[in-house]
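**Student:** Below are the structure tokens for one structure; questions will follow.
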Amino acid sequence: MITVNGLSKSFLVAKRSSGLRHALKALFHREYTVVKALNDISFTIEPGEIVGYIGPNGAGKSTTIKVMSGILVPDSGTCSIMGFTPWKDRVPYVKKIGVVFGQRSQLWWDVPVMDSFNLLRDIYNVPEAEYRRNLDLLVETLELSEIVKTPVRQLSLGQRMRCEIAASLLHSPSILFLDEPTIGLDAVSKIAVRQFIKTINKEKGVTIILTTHDMNDIEALAQRIILIGNGRLLYDGNLNELRSQFGSQKIVTVDYRKNSKPLNLPGASLISWSPERAILKVDAEQVMISDLLTQLSSQVELLDVSIEAQPIEDIIVQMYKEYQIS
Amino acid sequence: MKAYFSVFKLRLYNGLQYRAAAFAGVATQFFWGFIIIMVFEAFYSQTLVNPPISLPQLISYVWLQQSFLAFVMLWFRDNELFQLITTGNIAYELCRPSEIYDFWYAKLLAQRLASAMLRSFPILVVAFLLPYPYRISLPPDLSTLFIFMATLIIGLLILVSISMLIYISVFITMSPVGSLLIFGVAGEFFAGMVIPIPLMPSWLQNIVKLLPFHLTADFPFRVYSGHIPKDEALTGILIQIIWLVMLVILGKFAMKKALRRVVVQGG
């Protein structure tokens, strides 16, 4: 469905140091640096997939989304989505996709949400019956019935984001690009948005490409992740594989009866220690958890133990470090 | 087509909300209209030669200027479009299945129409009721009125296509100030908004005729008062249409160029 091959894009960024002297100098001579936002990116995505597109700030995530949605023209490389080249066949192509930019708004600020929806219906030329059907579904699942009559400027961020997502699905697109759809949302709204994304993927078979910094989004939604940094593709694959590759680390928290003697546990590194509680990091491939517990119970009187996998966030940080992109 | 009409409609409704601004605008336009007419009246009372345009014709010219300000002023702008470009919200406009040029044309046209609807009628109605010599006179006959309306509408279309060039220039300059100032000041002057074109020296009039600006204001207003005879007005309409086509082609070409190298600002 989506084939991206050798995509590259660079930007010219004007640079100058602060201060009057440099400001004056820049009047006559500008210094630019070339920033390679995308450097030879290739991947393919099958219909019906949910792909999490991750990377640190400035990695090139949004640039990729913008190239794939026909907004930016890349310097080189090819991209074929449903048979279209986005930047060449922009008008017929964008009819079939939906895009949400979490930091921007596509709704008209001063008029009720419904007016924006109706405008989009006309822009995309959606048949009335289909529009009604989509609208009813969206209003119901995103719980919009109370807010579609309100002017956008009076909505909260969470309410607005739900409307933004609805707005990009009115024309039944087969691909949905979500660029940080959960940015700035509270826990309840985040869960609602995730749930909704899952639903439309399952029920309507919409292919979803999503960028985010919230690893919980990825864990809840995406089986596959694509990691990029400094414009390069670093990892493309299954989330669980990634976890097993990097995530053999476990965090063990133990509570015990007061004991001032420091613990002596080979193979485990101590993250924090107090006379009543210790937090340990263990590589489960090197130390058996059961051995560790045996050792622990011989040294202290255990009250409570919890073992957690290393949070996915840490894995990502570890990967960023490994690839030296942080 | 439905899309462009729809955005036009929404923009029009949106524009009709600003009643207080329209009221203030009407008051300002009256103030200006009176001052300008008084100045010309003083000049005309002292004149020794036969003026190139009669005082009643000039007064109609001034009132039409004031009431159709939204149709003829280049500084009249849509800040939303500038913001789209400078903040990067253009991203959303670009993922719509419509040509940006046509889409923006519809928006700009609607904005000017909405503003004119709120302002021009009150001004015109009052200008017809004013005592002599301030009263606006009727066009000499009905067919002149129709020709005037045609020239005014084509003039508006020309103006929107000129203003589109300002918006396109912001893709490159990232700030509307410079283009607005240059287009605003030069365009206003060459459209006869500062000094009516018949009162300009003939060498300047020759320059004016080479530019499209006078077709948006001076030309329709002089058609109204009969200062431009009907047959000449009809050739004028032909020139208007040629300019309109050229400007739209130029604008579309420039827009295409600009979009190929567009940078979405702000990540």
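Simple scheme: letters A, B, ... for chains in structure tokens order, numbers from 1 for residues in each chain, numbers from 1 for ligands in the order shown.
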Within 8 Å of stretch 93-109 of chain A, counting only C-alpha atoms, which residues show up once you throw out same-chain ones fewer than 4 positions away? Write them as number ranges by chain, please.

**Tutor:** A: 69-70, 84-86, 89, 113, 116, 124, 151-153, 161, 164-165, 167-169, 171-183; B: 89, 92, 95-97

**Student:** Using only C-alpha atoms, find each residue of chain B with at least one atom at most 10 Å away from an atom of chain A; report its shortest atom-to-atom pair and that distance in Å (one decimal), sort the rows by chain and rising residue number, and return the result as JSON lines.

**Tutor:**
```
{"residue": "B:Met1", "atom": "CA", "partner": "A:Ile123", "partner_atom": "CA", "distance": 8.8}
{"residue": "B:Lys2", "atom": "CA", "partner": "A:Asp122", "partner_atom": "CA", "distance": 6.1}
{"residue": "B:Ala3", "atom": "CA", "partner": "A:Ile123", "partner_atom": "CA", "distance": 4.3}
{"residue": "B:Tyr4", "atom": "CA", "partner": "A:Ile123", "partner_atom": "CA", "distance": 7.6}
{"residue": "B:Phe5", "atom": "CA", "partner": "A:Asp122", "partner_atom": "CA", "distance": 8.8}
{"residue": "B:Ser6", "atom": "CA", "partner": "A:Leu119", "partner_atom": "CA", "distance": 6.2}
{"residue": "B:Val7", "atom": "CA", "partner": "A:Leu119", "partner_atom": "CA", "distance": 6.6}
{"residue": "B:Phe8", "atom": "CA", "partner": "A:Leu119", "partner_atom": "CA", "distance": 10.0}
{"residue": "B:Lys9", "atom": "CA", "partner": "A:Leu119", "partner_atom": "CA", "distance": 9.4}
{"residue": "B:Leu10", "atom": "CA", "partner": "A:Leu119", "partner_atom": "CA", "distance": 7.8}
{"residue": "B:Arg11", "atom": "CA", "partner": "A:Trp108", "partner_atom": "CA", "distance": 9.8}
{"residue": "B:Tyr13", "atom": "CA", "partner": "A:Val111", "partner_atom": "CA", "distance": 9.5}
{"residue": "B:Asn14", "atom": "CA", "partner": "A:Val111", "partner_atom": "CA", "distance": 7.5}
{"residue": "B:Gln17", "atom": "CA", "partner": "A:Asp110", "partner_atom": "CA", "distance": 10.0}
{"residue": "B:Thr87", "atom": "CA", "partner": "A:Arg104", "partner_atom": "CA", "distance": 9.4}
{"residue": "B:Gly88", "atom": "CA", "partner": "A:Arg104", "partner_atom": "CA", "distance": 8.5}
{"residue": "B:Asn89", "atom": "CA", "partner": "A:Arg104", "partner_atom": "CA", "distance": 6.4}
{"residue": "B:Ile90", "atom": "CA", "partner": "A:Ile71", "partner_atom": "CA", "distance": 8.8}
{"residue": "B:Ala91", "atom": "CA", "partner": "A:Ile71", "partner_atom": "CA", "distance": 6.3}
{"residue": "B:Tyr92", "atom": "CA", "partner": "A:Gln106", "partner_atom": "CA", "distance": 6.2}
{"residue": "B:Glu93", "atom": "CA", "partner": "A:Gln106", "partner_atom": "CA", "distance": 8.2}
{"residue": "B:Leu94", "atom": "CA", "partner": "A:Ile71", "partner_atom": "CA", "distance": 5.6}
{"residue": "B:Cys95", "atom": "CA", "partner": "A:Val94", "partner_atom": "CA", "distance": 5.7}
{"residue": "B:Arg96", "atom": "CA", "partner": "A:Val94", "partner_atom": "CA", "distance": 6.1}
{"residue": "B:Pro97", "atom": "CA", "partner": "A:Val91", "partner_atom": "CA", "distance": 4.4}
{"residue": "B:Ser98", "atom": "CA", "partner": "A:Val91", "partner_atom": "CA", "distance": 6.1}
{"residue": "B:Glu99", "atom": "CA", "partner": "A:Val91", "partner_atom": "CA", "distance": 7.4}
{"residue": "B:Phe103", "atom": "CA", "partner": "A:Ile123", "partner_atom": "CA", "distance": 9.7}
{"residue": "B:Leu259", "atom": "CA", "partner": "A:Leu72", "partner_atom": "CA", "distance": 8.2}
{"residue": "B:Arg260", "atom": "CA", "partner": "A:Val73", "partner_atom": "CA", "distance": 6.3}
{"residue": "B:Arg261", "atom": "CA", "partner": "A:Val73", "partner_atom": "CA", "distance": 7.2}
{"residue": "B:Val262", "atom": "CA", "partner": "A:Leu72", "partner_atom": "CA", "distance": 6.8}
{"residue": "B:Val263", "atom": "CA", "partner": "A:Leu72", "partner_atom": "CA", "distance": 7.2}
{"residue": "B:Val264", "atom": "CA", "partner": "A:Leu72", "partner_atom": "CA", "distance": 7.9}
{"residue": "B:Gly266", "atom": "CA", "partner": "A:Gln103", "partner_atom": "CA", "distance": 9.6}
{"residue": "B:Gly267", "atom": "CA", "partner": "A:Ser62", "partner_atom": "CA", "distance": 6.9}
```

**Student:** Would you mind reading off the distance between atom CA of A:Asp186 and atom CA of A:Gly158, one decimal, in Å?

**Tutor:**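 One can read the atom CA of A:Asp186 to atom CA of A:Gly158 distance as 7.4 Å.
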
**Student:** Report the residues of stretch 24-209 of chain B whose backbone DSSP state falls under helix (DSSP H, G or I), written as an MDAnalysis selection string.

**Tutor:** chainID B and resid 24:45 55:67 69:72 79:87 90:94 100:129 142:173 176:190 197:199 202:209

**Student:** Stretch 195-285 of chain A: which residues are strand (DSSP E) by DSSP, as a VMD selection string?

**Tutor:** chain A and resid 207 to 211 224 to 229 232 to 238 249 to 256 268 to 273 277 to 283

**Student:** With distances taken over only C-alpha atoms, which residue among B:Val49, B:Ile123, B:Leu109, B:Val160 lies nearest B:Thr28?

**Tutor:**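 Ranking B:Val49, B:Ile123, B:Leu109, B:Val160 by distance to B:Thr28, first place goes to B:Ile123.
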
**Student:** Find the distance between atom CA of A:Asn238 and atom CA of A:Ile225 and write it in Å to one decimal.

**Tutor:**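 Between these atoms lies a distance of 6.3 Å.
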
**Student:** Taking 5 positions as the minimum chain separation for residues in the same chain, which residues sit within 12 Å of B:Thr216 when counting only C-alpha atoms? Answer as a VMD selection string.

**Tutor:** chain B and resid 64 to 65 68 to 74 148 to 163 187 to 193 208 to 209 211 221 to 223 236 to 237 239 to 241 243 to 244

**Student:** Write to file, as a compact mmCIF listing (two decimals), in the first residue's frame, the residues of the selection just made, with C-alpha atoms.

**Tutor:**
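Just written: selection12.txt:
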```txt
# COMPACT_ATOMS: atom_id res chain seq x y z
CA LEU B 64 -18.12 55.37 -5.06
CA GLN B 65 -14.53 55.21 -3.86
CA PHE B 68 -16.66 50.32 -2.49
CA LEU B 69 -13.48 50.69 -0.50
CA ALA B 70 -13.46 46.95 0.16
CA PHE B 71 -13.48 46.35 -3.61
CA VAL B 72 -10.61 48.61 -4.48
CA MET B 73 -8.12 48.76 -1.60
CA LEU B 74 -5.09 46.54 -1.74
CA PHE B 148 -20.83 50.15 -14.46
CA MET B 149 -21.82 47.03 -12.49
CA ALA B 150 -20.04 44.78 -14.96
CA THR B 151 -16.86 46.85 -14.83
CA LEU B 152 -17.01 46.99 -11.04
CA ILE B 153 -17.28 43.21 -10.74
CA ILE B 154 -14.50 42.50 -13.25
CA GLY B 155 -12.48 45.18 -11.47
CA LEU B 156 -12.98 43.34 -8.19
CA LEU B 157 -11.80 40.10 -9.79
CA ILE B 158 -8.70 41.88 -11.09
CA LEU B 159 -8.03 43.32 -7.67
CA VAL B 160 -8.27 39.92 -5.99
CA SER B 161 -5.85 38.46 -8.52
CA ILE B 162 -3.42 41.30 -7.84
CA SER B 163 -3.74 40.81 -4.09
CA GLY B 187 -1.59 50.32 -6.23
CA GLU B 188 -3.70 52.91 -4.46
CA PHE B 189 -1.99 55.76 -6.24
CA PHE B 190 -2.21 54.19 -9.68
CA ALA B 191 -5.85 53.26 -9.10
CA GLY B 192 -6.71 56.93 -8.64
CA MET B 193 -7.54 56.62 -4.96
CA VAL B 208 -1.33 54.70 -15.31
CA LYS B 209 -2.84 53.28 -18.47
CA LEU B 211 -0.81 49.31 -15.32
CA PHE B 221 -16.27 54.94 -11.26
CA ARG B 222 -15.87 57.06 -14.37
CA VAL B 223 -18.13 54.74 -16.30
CA GLY B 236 -12.42 48.92 -21.46
CA ILE B 237 -14.19 45.76 -20.39
CA ILE B 239 -8.97 45.23 -21.63
CA GLN B 240 -10.15 44.33 -18.14
CA ILE B 241 -10.77 40.73 -19.18
CA TRP B 243 -5.66 41.77 -17.70
CA LEU B 244 -7.70 39.43 -15.50
```

**Student:** Given only C-alpha atoms as the basis, pick out the residue of B:Leu142, B:Leu58, B:Leu180, B:Leu16 nearest to B:Ala110.

**Tutor:**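 For B:Ala110, the nearest of the given residues is B:Leu16.
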
**Student:** Please list as a PDB file with N, CA and C atoms, in the first residue's frame every residue within 10 Å of A:Lys261, counting only C-alpha atoms and excluding residues in the same chain fewer than 5 positions away.

**Tutor:**
```pdb
ATOM      1  N   SER A 274      17.431   2.080  50.763  1.00  0.00           N
ATOM      2  CA  SER A 274      17.198   2.670  52.079  1.00  0.00           C
ATOM      3  C   SER A 274      17.072   1.496  53.039  1.00  0.00           C
ATOM      4  N   PRO A 275      17.087   1.754  54.349  1.00  0.00           N
ATOM      5  CA  PRO A 275      17.004   0.620  55.284  1.00  0.00           C
ATOM      6  C   PRO A 275      15.724  -0.207  55.108  1.00  0.00           C
ATOM      7  N   GLN A 299      19.125 -12.675  52.956  1.00  0.00           N
ATOM      8  CA  GLN A 299      19.784 -11.515  53.563  1.00  0.00           C
ATOM      9  C   GLN A 299      18.845 -10.632  54.364  1.00  0.00           C
ATOM     10  N   VAL A 300      17.579 -10.538  53.914  1.00  0.00           N
ATOM     11  CA  VAL A 300      16.621  -9.661  54.615  1.00  0.00           C
ATOM     12  C   VAL A 300      15.302 -10.396  54.794  1.00  0.00           C
TER      13      VAL A 300
END
```

**Student:** I'd like the interatomic distance between atom CA of A:Thr212 and atom CA of A:Leu239, to a tenth of an Å.

**Tutor:**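 Atom-to-atom, atom CA of A:Thr212 to atom CA of A:Leu239, that is 14.6 Å.
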